[in-house]
file entry-v6.cif (mmCIF, C-alpha atoms and all ligand atoms)
data_my_file
#
loop_
_atom_site.group_PDB
_atom_site.id
_atom_site.type_symbol
_atom_site.label_atom_id
_atom_site.label_comp_id
_atom_site.auth_asym_id
_atom_site.auth_seq_id
_atom_site.Cartn_x
_atom_site.Cartn_y
_atom_site.Cartn_z
ATOM 1 C CA ILE A 836 -5.149 16.110 17.825
ATOM 2 C CA ALA A 837 -3.778 18.413 20.419
ATOM 3 C CA GLU A 838 -0.038 18.311 19.745
ATOM 4 C CA PHE A 839 -0.348 19.365 16.098
ATOM 5 C CA ASP A 840 -2.249 22.459 15.139
ATOM 6 C CA SER A 841 -3.600 22.764 11.652
ATOM 7 C CA VAL A 842 -1.077 25.456 10.779
ATOM 8 C CA ALA A 843 1.829 23.090 11.538
ATOM 9 C CA LEU A 844 0.302 20.248 9.508
ATOM 10 C CA GLN A 845 -0.513 22.435 6.496
ATOM 11 C CA SER A 846 2.885 24.083 6.486
ATOM 12 C CA ALA A 847 4.678 20.714 6.651
ATOM 13 C CA VAL A 848 2.636 19.560 3.630
ATOM 14 C CA ASP A 849 3.330 22.802 1.727
ATOM 15 C CA ARG A 850 7.018 22.714 2.535
ATOM 16 C CA ALA A 851 7.332 19.107 1.310
ATOM 17 C CA TYR A 852 5.540 19.958 -1.932
ATOM 18 C CA ASP A 853 7.719 23.026 -2.541
ATOM 19 C CA SER A 854 10.963 21.263 -1.606
ATOM 20 C CA PHE A 855 10.564 18.388 -4.069
ATOM 21 C CA LYS A 856 8.270 19.653 -6.833
ATOM 22 C CA ASN A 857 11.187 20.103 -9.227
ATOM 23 C CA VAL A 858 12.871 16.749 -8.565
ATOM 24 C CA LYS A 859 13.047 14.670 -11.757
ATOM 25 C CA GLU A 860 15.015 11.633 -10.563
ATOM 26 C CA GLY A 861 13.737 8.137 -11.213
ATOM 27 C CA ALA A 862 11.419 6.812 -13.911
ATOM 28 C CA ASN A 863 7.820 5.641 -14.282
ATOM 29 C CA ALA A 864 7.278 1.892 -13.971
ATOM 30 C CA ASN A 865 7.256 0.414 -17.476
ATOM 31 C CA TYR A 866 7.024 -3.341 -16.936
ATOM 32 C CA ILE A 867 3.267 -2.628 -16.850
ATOM 33 C CA PRO A 868 3.277 -0.798 -20.212
ATOM 34 C CA ILE A 869 0.480 1.687 -19.490
ATOM 35 C CA LEU A 870 2.122 3.033 -16.325
ATOM 36 C CA ASP A 871 4.810 4.549 -18.532
ATOM 37 C CA GLU A 872 2.132 6.857 -19.984
ATOM 38 C CA VAL A 873 1.148 8.490 -16.679
ATOM 39 C CA PRO A 874 2.406 12.125 -16.699
ATOM 40 C CA SER A 875 5.648 11.921 -14.724
ATOM 41 C CA ASP A 876 5.503 15.405 -13.256
ATOM 42 C CA LEU A 877 2.383 14.788 -11.178
ATOM 43 C CA PHE A 878 3.013 15.237 -7.462
ATOM 44 C CA GLY A 879 0.517 15.283 -4.602
ATOM 45 C CA VAL A 880 0.910 15.336 -0.824
ATOM 46 C CA ALA A 881 -1.807 14.872 1.825
ATOM 47 C CA ILE A 882 -2.242 14.386 5.554
ATOM 48 C CA VAL A 883 -5.436 13.027 7.121
ATOM 49 C CA THR A 884 -5.726 13.137 10.892
ATOM 50 C CA ARG A 885 -7.490 10.565 13.026
ATOM 51 C CA ASP A 886 -10.404 12.935 13.310
ATOM 52 C CA GLY A 887 -10.669 13.318 9.549
ATOM 53 C CA GLU A 888 -9.078 16.709 8.994
ATOM 54 C CA MET A 889 -7.292 16.909 5.640
ATOM 55 C CA PHE A 890 -4.275 18.986 4.563
ATOM 56 C CA VAL A 891 -3.187 18.859 0.925
ATOM 57 C CA ALA A 892 -0.829 20.287 -1.693
ATOM 58 C CA GLY A 893 -0.327 19.590 -5.403
ATOM 59 C CA ASP A 894 -2.087 17.109 -7.696
ATOM 60 C CA VAL A 895 -4.132 15.398 -5.000
ATOM 61 C CA ASP A 896 -7.178 14.748 -7.224
ATOM 62 C CA TYR A 897 -5.389 12.829 -9.999
ATOM 63 C CA ARG A 898 -6.461 9.157 -10.051
ATOM 64 C CA PHE A 899 -3.664 6.634 -10.291
ATOM 65 C CA SER A 900 -3.596 2.862 -9.819
ATOM 66 C CA ILE A 901 -3.280 1.773 -6.209
ATOM 67 C CA GLN A 902 -0.952 -1.156 -7.071
ATOM 68 C CA SER A 903 0.864 -2.560 -4.047
ATOM 69 C CA VAL A 904 -0.496 0.023 -1.655
ATOM 70 C CA SER A 905 -3.609 -2.194 -1.721
ATOM 71 C CA LYS A 906 -1.709 -5.037 -0.060
ATOM 72 C CA PRO A 907 -1.920 -4.086 3.641
ATOM 73 C CA PHE A 908 -5.636 -3.420 3.267
ATOM 74 C CA THR A 909 -6.374 -6.895 1.927
ATOM 75 C CA ALA A 910 -4.173 -8.283 4.718
ATOM 76 C CA ALA A 911 -6.428 -6.289 7.073
ATOM 77 C CA LEU A 912 -9.453 -7.991 5.532
ATOM 78 C CA ILE A 913 -7.951 -11.417 6.279
ATOM 79 C CA MET A 914 -7.213 -10.322 9.860
ATOM 80 C CA ALA A 915 -10.751 -8.994 10.282
ATOM 81 C CA GLN A 916 -12.319 -12.157 8.773
ATOM 82 C CA GLN A 917 -10.023 -14.845 10.153
ATOM 83 C CA GLY A 918 -7.764 -13.259 12.780
ATOM 84 C CA PRO A 919 -4.056 -12.334 12.562
ATOM 85 C CA GLU A 920 -2.923 -15.943 13.089
ATOM 86 C CA ALA A 921 -4.327 -16.799 9.659
ATOM 87 C CA VAL A 922 -1.914 -14.269 8.173
ATOM 88 C CA ARG A 923 1.023 -15.565 10.172
ATOM 89 C CA GLU A 924 0.375 -19.240 9.506
ATOM 90 C CA LYS A 925 -1.000 -19.274 5.976
ATOM 91 C CA ILE A 926 1.026 -16.428 4.451
ATOM 92 C CA GLY A 927 3.905 -15.477 6.781
ATOM 93 C CA VAL A 928 5.203 -12.295 8.385
ATOM 94 C CA GLU A 929 8.935 -12.404 7.701
ATOM 95 C CA PRO A 930 10.466 -9.715 5.486
ATOM 96 C CA THR A 931 12.116 -11.312 2.466
ATOM 97 C CA GLY A 932 14.851 -8.723 1.906
ATOM 98 C CA LEU A 933 14.172 -9.289 -1.793
ATOM 99 C CA PRO A 934 12.341 -7.370 -4.522
ATOM 100 C CA PHE A 935 8.524 -7.312 -4.457
ATOM 101 C CA ASN A 936 8.188 -9.725 -7.378
ATOM 102 C CA SER A 937 10.737 -12.295 -6.165
ATOM 103 C CA LYS A 938 10.142 -15.933 -7.016
ATOM 104 C CA VAL A 939 13.374 -16.964 -5.313
ATOM 105 C CA ALA A 940 11.900 -15.879 -1.958
ATOM 106 C CA ILE A 941 9.196 -18.516 -2.337
ATOM 107 C CA GLU A 942 11.826 -21.219 -2.729
ATOM 108 C CA ILE A 943 14.317 -20.148 -0.087
ATOM 109 C CA TYR A 944 11.952 -19.240 2.717
ATOM 110 C CA GLU A 945 10.863 -22.799 3.384
ATOM 111 C CA GLU A 946 8.181 -22.701 0.761
ATOM 112 C CA ARG A 947 6.358 -19.793 2.380
ATOM 113 C CA SER A 948 4.856 -16.858 0.563
ATOM 114 C CA GLY A 949 6.975 -14.426 2.626
ATOM 115 C CA ASN A 950 4.594 -11.758 3.872
ATOM 116 C CA PRO A 951 1.481 -10.006 2.559
ATOM 117 C CA MET A 952 3.399 -6.894 1.391
ATOM 118 C CA VAL A 953 5.219 -8.679 -1.461
ATOM 119 C CA ASN A 954 3.488 -10.101 -4.527
ATOM 120 C CA ALA A 955 3.612 -13.741 -3.406
ATOM 121 C CA GLY A 956 2.021 -13.015 -0.032
ATOM 122 C CA ALA A 957 -0.466 -10.585 -1.529
ATOM 123 C CA ILE A 958 -1.631 -13.100 -4.138
ATOM 124 C CA ALA A 959 -1.914 -15.640 -1.304
ATOM 125 C CA ALA A 960 -3.961 -13.109 0.714
ATOM 126 C CA VAL A 961 -6.372 -12.633 -2.181
ATOM 127 C CA SER A 962 -6.748 -16.411 -2.420
ATOM 128 C CA LEU A 963 -7.357 -16.679 1.328
ATOM 129 C CA VAL A 964 -10.390 -14.380 1.375
ATOM 130 C CA GLN A 965 -13.345 -16.609 2.186
ATOM 131 C CA ALA A 966 -15.590 -16.540 -0.861
ATOM 132 C CA GLU A 967 -17.684 -19.028 -2.854
ATOM 133 C CA THR A 968 -17.078 -17.477 -6.250
ATOM 134 C CA GLU A 969 -14.557 -15.262 -8.007
ATOM 135 C CA GLU A 970 -17.145 -12.497 -8.135
ATOM 136 C CA GLU A 971 -17.717 -12.679 -4.400
ATOM 137 C CA ARG A 972 -13.950 -12.681 -3.765
ATOM 138 C CA TRP A 973 -13.625 -9.522 -5.828
ATOM 139 C CA GLU A 974 -16.656 -7.863 -4.197
ATOM 140 C CA LEU A 975 -15.287 -8.463 -0.690
ATOM 141 C CA ILE A 976 -11.851 -7.095 -1.607
ATOM 142 C CA ASN A 977 -13.230 -4.109 -3.484
ATOM 143 C CA ASP A 978 -15.741 -3.264 -0.755
ATOM 144 C CA ASN A 979 -12.960 -3.469 1.825
ATOM 145 C CA ILE A 980 -10.678 -1.068 -0.053
ATOM 146 C CA GLN A 981 -13.601 1.309 -0.643
ATOM 147 C CA GLY A 982 -14.381 1.107 3.067
ATOM 148 C CA PHE A 983 -10.842 2.163 3.950
ATOM 149 C CA ALA A 984 -11.036 5.029 1.435
ATOM 150 C CA GLY A 985 -14.559 6.000 2.521
ATOM 151 C CA GLU A 986 -15.542 6.324 -1.109
ATOM 152 C CA LYS A 987 -16.726 4.434 -4.190
ATOM 153 C CA LEU A 988 -13.721 3.670 -6.390
ATOM 154 C CA GLN A 989 -13.428 2.534 -10.014
ATOM 155 C CA VAL A 990 -11.081 -0.021 -11.511
ATOM 156 C CA LEU A 991 -8.856 1.599 -14.158
ATOM 157 C CA GLU A 992 -9.713 -0.953 -16.863
ATOM 158 C CA GLU A 993 -6.807 -0.015 -19.149
ATOM 159 C CA VAL A 994 -4.400 -0.620 -16.277
ATOM 160 C CA TYR A 995 -6.018 -3.980 -15.555
ATOM 161 C CA THR A 996 -5.746 -5.072 -19.186
ATOM 162 C CA SER A 997 -2.181 -3.832 -19.552
ATOM 163 C CA GLU A 998 -1.057 -5.633 -16.404
ATOM 164 C CA TYR A 999 -3.017 -8.863 -16.919
ATOM 165 C CA GLU A 1000 -1.738 -9.256 -20.480
ATOM 166 C CA THR A 1001 1.869 -9.035 -19.240
ATOM 167 C CA ALA A 1002 1.499 -10.820 -15.873
ATOM 168 C CA TRP A 1003 3.800 -13.757 -16.628
ATOM 169 C CA GLY A 1004 5.863 -13.244 -13.488
ATOM 170 C CA ASN A 1005 2.861 -13.027 -11.181
ATOM 171 C CA ARG A 1006 1.341 -16.069 -12.906
ATOM 172 C CA ALA A 1007 4.545 -17.969 -12.128
ATOM 173 C CA ILE A 1008 4.271 -16.851 -8.494
ATOM 174 C CA ALA A 1009 0.646 -17.984 -8.243
ATOM 175 C CA ASN A 1010 1.479 -21.372 -9.751
ATOM 176 C CA LEU A 1011 4.519 -21.840 -7.529
ATOM 177 C CA LEU A 1012 2.496 -21.060 -4.418
ATOM 178 C CA PHE A 1013 -0.236 -23.459 -5.532
ATOM 179 C CA ASN A 1014 2.387 -26.147 -6.031
ATOM 180 C CA TYR A 1015 3.501 -25.736 -2.411
ATOM 181 C CA GLY A 1016 -0.021 -25.689 -1.014
ATOM 182 C CA ARG A 1017 0.375 -21.983 -0.156
ATOM 183 C CA LEU A 1018 -2.409 -20.728 -2.411
ATOM 184 C CA TYR A 1019 -6.004 -21.181 -1.305
ATOM 185 C CA ALA A 1020 -7.876 -20.694 -4.581
ATOM 186 C CA GLU A 1021 -7.339 -21.619 -8.214
ATOM 187 C CA PRO A 1022 -4.143 -19.814 -9.397
ATOM 188 C CA GLU A 1023 -5.590 -17.999 -12.415
ATOM 189 C CA GLU A 1024 -8.550 -16.773 -10.336
ATOM 190 C CA ALA A 1025 -6.217 -15.464 -7.629
ATOM 191 C CA LEU A 1026 -4.094 -13.767 -10.307
ATOM 192 C CA ARG A 1027 -7.121 -12.087 -11.923
ATOM 193 C CA VAL A 1028 -8.520 -10.790 -8.649
ATOM 194 C CA TYR A 1029 -5.087 -9.658 -7.432
ATOM 195 C CA THR A 1030 -4.455 -7.788 -10.700
ATOM 196 C CA ARG A 1031 -7.891 -6.160 -10.447
ATOM 197 C CA GLN A 1032 -7.174 -5.113 -6.877
ATOM 198 C CA CYS A 1033 -3.927 -3.459 -8.044
ATOM 199 C CA SER A 1034 -5.831 -1.605 -10.808
ATOM 200 C CA ILE A 1035 -8.222 0.237 -8.499
ATOM 201 C CA GLY A 1036 -8.000 3.993 -9.098
ATOM 202 C CA ILE A 1037 -7.395 6.230 -6.100
ATOM 203 C CA ASN A 1038 -6.187 9.782 -5.618
ATOM 204 C CA THR A 1039 -3.790 11.092 -2.981
ATOM 205 C CA ARG A 1040 -6.684 12.161 -0.740
ATOM 206 C CA ASP A 1041 -8.160 8.625 -0.809
ATOM 207 C CA LEU A 1042 -4.766 7.189 0.044
ATOM 208 C CA ALA A 1043 -4.413 9.520 3.030
ATOM 209 C CA VAL A 1044 -7.893 8.515 4.265
ATOM 210 C CA MET A 1045 -6.955 4.824 3.947
ATOM 211 C CA GLY A 1046 -3.885 5.449 6.093
ATOM 212 C CA GLY A 1047 -5.918 7.704 8.376
ATOM 213 C CA THR A 1048 -8.201 4.738 9.062
ATOM 214 C CA LEU A 1049 -5.203 2.817 10.382
ATOM 215 C CA ALA A 1050 -4.065 5.893 12.345
ATOM 216 C CA ASN A 1051 -7.563 5.970 13.847
ATOM 217 C CA GLU A 1052 -7.285 2.414 15.217
ATOM 218 C CA GLY A 1053 -8.999 0.802 12.251
ATOM 219 C CA THR A 1054 -12.100 3.008 12.007
ATOM 220 C CA ASN A 1055 -12.546 5.279 8.988
ATOM 221 C CA PRO A 1056 -12.443 8.838 10.358
ATOM 222 C CA LEU A 1057 -14.839 10.121 7.675
ATOM 223 C CA THR A 1058 -17.519 7.420 7.670
ATOM 224 C CA GLY A 1059 -17.140 5.893 11.144
ATOM 225 C CA ARG A 1060 -17.053 2.389 9.627
ATOM 226 C CA GLU A 1061 -14.844 -0.042 11.524
ATOM 227 C CA MET A 1062 -12.576 -1.712 8.955
ATOM 228 C CA LEU A 1063 -10.195 -3.560 11.295
ATOM 229 C CA PRO A 1064 -10.693 -4.212 15.016
ATOM 230 C CA ALA A 1065 -8.388 -1.843 16.937
ATOM 231 C CA ARG A 1066 -6.587 -4.756 18.616
ATOM 232 C CA HIS A 1067 -5.268 -5.969 15.241
ATOM 233 C CA VAL A 1068 -4.002 -2.630 13.943
ATOM 234 C CA PRO A 1069 -0.569 -2.972 15.648
ATOM 235 C CA GLU A 1070 -0.015 -6.362 13.986
ATOM 236 C CA LEU A 1071 -0.748 -4.930 10.556
ATOM 237 C CA LEU A 1072 1.475 -1.888 11.162
ATOM 238 C CA ALA A 1073 4.277 -4.214 12.252
ATOM 239 C CA ILE A 1074 4.187 -6.005 8.903
ATOM 240 C CA MET A 1075 4.157 -2.641 7.076
ATOM 241 C CA ALA A 1076 7.159 -1.502 9.123
ATOM 242 C CA THR A 1077 9.238 -4.578 8.363
ATOM 243 C CA ALA A 1078 8.218 -5.224 4.747
ATOM 244 C CA GLY A 1079 6.273 -2.267 3.317
ATOM 245 C CA PHE A 1080 9.270 -1.101 1.244
ATOM 246 C CA TYR A 1081 10.402 -4.624 0.242
ATOM 247 C CA ASP A 1082 14.204 -4.790 0.088
ATOM 248 C CA GLU A 1083 14.426 -1.131 1.148
ATOM 249 C CA SER A 1084 12.339 -1.575 4.288
ATOM 250 C CA GLY A 1085 15.367 -1.336 6.553
ATOM 251 C CA ALA A 1086 16.654 1.848 4.945
ATOM 252 C CA TRP A 1087 13.174 3.355 5.037
ATOM 253 C CA MET A 1088 12.647 2.623 8.734
ATOM 254 C CA PHE A 1089 16.166 3.878 9.406
ATOM 255 C CA SER A 1090 15.416 7.231 7.791
ATOM 256 C CA ALA A 1091 11.673 7.809 8.233
ATOM 257 C CA GLY A 1092 10.716 5.561 11.145
ATOM 258 C CA LEU A 1093 7.097 5.015 10.079
ATOM 259 C CA PRO A 1094 5.132 1.928 8.999
ATOM 260 C CA SER A 1095 4.402 2.507 5.329
ATOM 261 C CA LYS A 1096 3.418 0.983 2.024
ATOM 262 C CA THR A 1097 4.498 1.822 -1.493
ATOM 263 C CA GLY A 1098 3.185 0.929 -4.947
ATOM 264 C CA VAL A 1099 4.547 1.101 -8.490
ATOM 265 C CA GLY A 1100 1.744 3.509 -9.423
ATOM 266 C CA GLY A 1101 3.750 6.077 -7.418
ATOM 267 C CA GLY A 1102 1.711 6.113 -4.209
ATOM 268 C CA VAL A 1103 3.177 5.856 -0.704
ATOM 269 C CA VAL A 1104 1.269 5.969 2.579
ATOM 270 C CA SER A 1105 2.748 6.197 6.071
ATOM 271 C CA VAL A 1106 0.960 5.901 9.389
ATOM 272 C CA VAL A 1107 1.671 7.797 12.598
ATOM 273 C CA PRO A 1108 -0.306 5.500 14.906
ATOM 274 C CA GLY A 1109 -3.051 7.208 16.860
ATOM 275 C CA LYS A 1110 -2.383 10.531 15.132
ATOM 276 C CA PHE A 1111 -2.487 10.840 11.347
ATOM 277 C CA ALA A 1112 -1.421 9.437 7.995
ATOM 278 C CA ILE A 1113 0.814 11.017 5.373
ATOM 279 C CA ALA A 1114 0.246 10.080 1.720
ATOM 280 C CA ALA A 1115 2.148 11.180 -1.339
ATOM 281 C CA PHE A 1116 2.003 10.358 -5.028
ATOM 282 C CA SER A 1117 4.516 10.855 -7.816
ATOM 283 C CA PRO A 1118 5.068 8.386 -10.693
ATOM 284 C CA ARG A 1119 8.866 8.363 -10.944
ATOM 285 C CA LEU A 1120 10.331 5.401 -9.046
ATOM 286 C CA ASN A 1121 13.755 4.362 -7.843
ATOM 287 C CA GLU A 1122 15.329 0.966 -8.598
ATOM 288 C CA ALA A 1123 13.316 -0.827 -5.906
ATOM 289 C CA GLY A 1124 10.029 0.470 -7.363
ATOM 290 C CA ASN A 1125 9.414 3.121 -4.698
ATOM 291 C CA SER A 1126 8.377 6.680 -5.636
ATOM 292 C CA VAL A 1127 11.303 9.079 -5.327
ATOM 293 C CA ARG A 1128 9.380 12.266 -4.515
ATOM 294 C CA ALA A 1129 6.735 10.568 -2.382
ATOM 295 C CA GLN A 1130 9.457 9.122 -0.168
ATOM 296 C CA ARG A 1131 11.241 12.431 0.171
ATOM 297 C CA ALA A 1132 8.027 14.302 0.946
ATOM 298 C CA ILE A 1133 6.961 11.867 3.659
ATOM 299 C CA ARG A 1134 10.399 11.668 5.201
ATOM 300 C CA GLN A 1135 10.631 15.434 5.412
ATOM 301 C CA ILE A 1136 7.160 15.782 6.935
ATOM 302 C CA ALA A 1137 7.951 13.092 9.510
ATOM 303 C CA GLY A 1138 11.122 15.010 10.377
ATOM 304 C CA ASP A 1139 9.427 18.427 10.523
ATOM 305 C CA LEU A 1140 6.734 17.112 12.838
ATOM 306 C CA GLY A 1141 9.089 14.855 14.809
ATOM 307 C CA VAL A 1142 6.845 11.801 14.522
ATOM 308 C CA GLY A 1143 9.279 8.972 13.738
ATOM 309 C CA LEU A 1144 8.213 6.077 15.956
ATOM 310 C CA TYR A 1145 11.617 5.575 17.507
ATOM 311 C CA GLY A 1146 12.193 9.241 18.251
ATOM 312 C CA PRO A 1147 12.232 12.506 16.341
ATOM 313 C CA ASN A 1148 14.260 12.090 13.163
HETATM 314 N N1 LIG A 1201 0.504 -4.957 -9.522
HETATM 315 C C1 LIG A 1201 1.913 -4.802 -9.358
HETATM 316 C C2 LIG A 1201 2.620 -6.133 -9.582
HETATM 317 O O1 LIG A 1201 2.077 -7.129 -9.223
HETATM 318 C C3 LIG A 1201 2.184 -4.284 -7.982
HETATM 319 C C4 LIG A 1201 3.643 -4.153 -7.672
HETATM 320 C C5 LIG A 1201 3.978 -2.976 -6.816
HETATM 321 O O2 LIG A 1201 3.242 -2.008 -6.719
HETATM 322 N N2 LIG A 1201 5.141 -3.007 -6.233
HETATM 323 O O3 LIG A 1201 3.679 -6.169 -10.124
#
call {"tool": "encode", "arguments": {"input": "entry-v6.cif", "output": "structure tokens"}}
result
Amino acid sequence: IAEFDSVALQSAVDRAYDSFKNVKEGANANYIPILDEVPSDLFGVAIVTRDGEMFVAGDVDYRFSIQSVSKPFTAALIMAQQGPEAVREKIGVEPTGLPFNSKVAIEIYEERSGNPMVNAGAIAAVSLVQAETEEERWELINDNIQGFAGEKLQVLEEVYTSEYETAWGNRAIANLLFNYGRLYAEPEEALRVYTRQCSIGINTRDLAVMGGTLANEGTNPLTGREMLPARHVPELLAIMATAGFYDESGAWMFSAGLPSKTGVGGGVVSVVPGKFAIAAFSPRLNEAGNSVRAQRAIRQIAGDLGVGLYGPN
């Protein structure tokens, strides 16, 4: 990509790593007990360009659970299979302005699941994947996420077990959606497959490639596999921009200006459409469940390179 030479991209990544490597604010997620055991000091930063060039710093090979960063990619699968209208009509595209695990949002937003970036909409998205069996549902979702990453990925089984055994809130969400006719599979099946999706292990490089696929109009820059037709990429990025940070989406767009997605495993990915993706990973989260250092790293890189969508920030 002409406007950014590799020296500029690498030095932005290095500067972000150096600036925030000693930050200790925030805390690991602990409502999923095993996430509290991930070493808190890990910190990785990566950029992948639309032509597949990679620039990294820090712990970019450590495998962590993808958690909610999986959500836009399963929404992409629904768009690819059934078109974006299926997402709008059967899930919704309005930001809730509420935490990711809100049950209240299901009640107050006219019995909708909100949008595919929060748990309700993401569980609905899993249930909407066209599949005959639970195994096929899982295979389609897993293959899709692997396609975005351009790599075979493994489920972190201990994370799956830890989350599934404590998933009372998400079970309530699945049941509530089913009650309102907003879930399209059996609730416990949707919950199992959703929890498995969140337990997929990725590293910071994989996350940057996943975002890089969206930056490259839906085609994986490393493998050449089309994951989402280019015409639907803007619709997916729009949902990430308005809801990717849950009840902090406004503040995030205000300060970073990039469509993004976070997860309680500590991963964040941001997309500069048509150019590159920035991914960062660090386990300590703020109150809204968003990684403190990953946010700072991405925001600084976006500022250094002047790529905020609404103007240099
Ligand atoms: N699997 C997690 C949950 O359902 C994902 C939440 C997140 O990353 N924000 O609670």
call {"tool": "residues_near_point", "arguments": {"input": "entry-v6.cif", "point": "(1.0, -26.0, -2.2)", "cutoff": "12 Å", "atoms": "only C-alpha atoms", "output": "PyMOL selection string"}}
result
chain A and resi 925-926+941-942+945-948+959+1008-1022
call {"tool": "residues_near_ligand", "arguments": {"input": "entry-v6.cif", "ligand": "ligand LIG 1201 (chain A)", "cutoff": "6 Å", "atoms": "all atoms listed in the file", "output": "PDB file with C-alpha atoms, in the frame of the given file"}}
result
ATOM      1  CA  GLN A 902      -0.952  -1.156  -7.071  1.00  0.00           C
ATOM      2  CA  SER A 903       0.864  -2.560  -4.047  1.00  0.00           C
ATOM      3  CA  PHE A 935       8.524  -7.312  -4.457  1.00  0.00           C
ATOM      4  CA  ASN A 954       3.488 -10.101  -4.527  1.00  0.00           C
ATOM      5  CA  THR A1030      -4.455  -7.788 -10.700  1.00  0.00           C
ATOM      6  CA  CYS A1033      -3.927  -3.459  -8.044  1.00  0.00           C
ATOM      7  CA  GLY A1098       3.185   0.929  -4.947  1.00  0.00           C
ATOM      8  CA  VAL A1099       4.547   1.101  -8.490  1.00  0.00           C
TER       9      VAL A1099
END
call {"tool": "resolve_selection", "arguments": {"input": "entry-v6.cif", "expression": "the PyMOL selection byres (((chain A and resi 852-869) around 7) and not hetatm)", "output": "PyMOL selection string"}}
result
chain A and resi 848-851+870-872+875+878+880+892-893+994+997-998+1001+1099+1118-1121+1127-1128+1132
call {"tool": "closest_residue", "arguments": {"input": "entry-v6.cif", "among": "A:Pro874, A:Lys938, A:Tyr1029, A:Phe890", "to": "Asp840 in chain A", "atoms": "all atoms listed in the file"}}
result
A:Phe890
call {"tool": "resolve_selection", "arguments": {"input": "entry-v6.cif", "expression": "the PyMOL selection byres (((chain A and resi 1034) around 10) and not hetatm)", "output": "JSON, numbers by chain"}}
result
{"A": [899, 900, 901, 902, 903, 905, 989, 990, 991, 992, 993, 994, 995, 996, 997, 998, 999, 1028, 1029, 1030, 1031, 1032, 1033, 1035, 1036, 1037, 1100]}
call {"tool": "closest_residue", "arguments": {"input": "entry-v6.cif", "among": "A:Ile980, A:Ala1025, A:Val1106, A:Ala1043", "to": "Gly956 in chain A", "atoms": "all atoms listed in the file"}}
result
A:Ala1025
call {"tool": "atom_distance", "arguments": {"input": "entry-v6.cif", "atom1": "CA of Thr1058 in chain A", "atom2": "CA of Val904 in chain A"}}
result
20.8 Å
call {"tool": "residues_near_point", "arguments": {"input": "entry-v6.cif", "point": "(-6.9, -4.0, 1.4)", "cutoff": "12 Å", "atoms": "all atoms listed in the file", "output": "ChimeraX atom specification"}}
result
/A:901-915,951-952,957-958,960-961,964,973-984,1029,1032-1033,1035,1042,1045-1046,1048-1049,1062-1063,1071,1096
call {"tool": "write_last_selection", "arguments": {"input": "entry-v6.cif", "atoms": "C-alpha atoms", "output": "mmCIF file, keeping the file's coordinate frame"}}
result
data_model
loop_
_atom_site.group_PDB
_atom_site.id
_atom_site.type_symbol
_atom_site.label_atom_id
_atom_site.label_comp_id
_atom_site.auth_asym_id
_atom_site.auth_seq_id
_atom_site.Cartn_x
_atom_site.Cartn_y
_atom_site.Cartn_z
ATOM 1 C CA ILE A 901 -3.280 1.773 -6.209
ATOM 2 C CA GLN A 902 -0.952 -1.156 -7.071
ATOM 3 C CA SER A 903 0.864 -2.560 -4.047
ATOM 4 C CA VAL A 904 -0.496 0.023 -1.655
ATOM 5 C CA SER A 905 -3.609 -2.194 -1.721
ATOM 6 C CA LYS A 906 -1.709 -5.037 -0.060
ATOM 7 C CA PRO A 907 -1.920 -4.086 3.641
ATOM 8 C CA PHE A 908 -5.636 -3.420 3.267
ATOM 9 C CA THR A 909 -6.374 -6.895 1.927
ATOM 10 C CA ALA A 910 -4.173 -8.283 4.718
ATOM 11 C CA ALA A 911 -6.428 -6.289 7.073
ATOM 12 C CA LEU A 912 -9.453 -7.991 5.532
ATOM 13 C CA ILE A 913 -7.951 -11.417 6.279
ATOM 14 C CA MET A 914 -7.213 -10.322 9.860
ATOM 15 C CA ALA A 915 -10.751 -8.994 10.282
ATOM 16 C CA PRO A 951 1.481 -10.006 2.559
ATOM 17 C CA MET A 952 3.399 -6.894 1.391
ATOM 18 C CA ALA A 957 -0.466 -10.585 -1.529
ATOM 19 C CA ILE A 958 -1.631 -13.100 -4.138
ATOM 20 C CA ALA A 960 -3.961 -13.109 0.714
ATOM 21 C CA VAL A 961 -6.372 -12.633 -2.181
ATOM 22 C CA VAL A 964 -10.390 -14.380 1.375
ATOM 23 C CA TRP A 973 -13.625 -9.522 -5.828
ATOM 24 C CA GLU A 974 -16.656 -7.863 -4.197
ATOM 25 C CA LEU A 975 -15.287 -8.463 -0.690
ATOM 26 C CA ILE A 976 -11.851 -7.095 -1.607
ATOM 27 C CA ASN A 977 -13.230 -4.109 -3.484
ATOM 28 C CA ASP A 978 -15.741 -3.264 -0.755
ATOM 29 C CA ASN A 979 -12.960 -3.469 1.825
ATOM 30 C CA ILE A 980 -10.678 -1.068 -0.053
ATOM 31 C CA GLN A 981 -13.601 1.309 -0.643
ATOM 32 C CA GLY A 982 -14.381 1.107 3.067
ATOM 33 C CA PHE A 983 -10.842 2.163 3.950
ATOM 34 C CA ALA A 984 -11.036 5.029 1.435
ATOM 35 C CA TYR A 1029 -5.087 -9.658 -7.432
ATOM 36 C CA GLN A 1032 -7.174 -5.113 -6.877
ATOM 37 C CA CYS A 1033 -3.927 -3.459 -8.044
ATOM 38 C CA ILE A 1035 -8.222 0.237 -8.499
ATOM 39 C CA LEU A 1042 -4.766 7.189 0.044
ATOM 40 C CA MET A 1045 -6.955 4.824 3.947
ATOM 41 C CA GLY A 1046 -3.885 5.449 6.093
ATOM 42 C CA THR A 1048 -8.201 4.738 9.062
ATOM 43 C CA LEU A 1049 -5.203 2.817 10.382
ATOM 44 C CA MET A 1062 -12.576 -1.712 8.955
ATOM 45 C CA LEU A 1063 -10.195 -3.560 11.295
ATOM 46 C CA LEU A 1071 -0.748 -4.930 10.556
ATOM 47 C CA LYS A 1096 3.418 0.983 2.024
#
call {"tool": "atom_distance", "arguments": {"input": "entry-v6.cif", "atom1": "CA of Gly1109 in chain A", "atom2": "CA of Gly932 in chain A"}}
result
28.2 Å
call {"tool": "resolve_selection", "arguments": {"input": "entry-v6.cif", "expression": "the PyMOL selection byres (((chain A and resi 889) around 10) and not hetatm)", "output": "list in words"}}
result
Ser841, Leu844, Gln845, Ala881, Ile882, Val883, Thr884, Arg885, Asp886, Gly887, Glu888, Phe890, Val891, Arg1040, Ala1043, Val1044, Gly1047, Phe1111 and Ala1112 of chain A
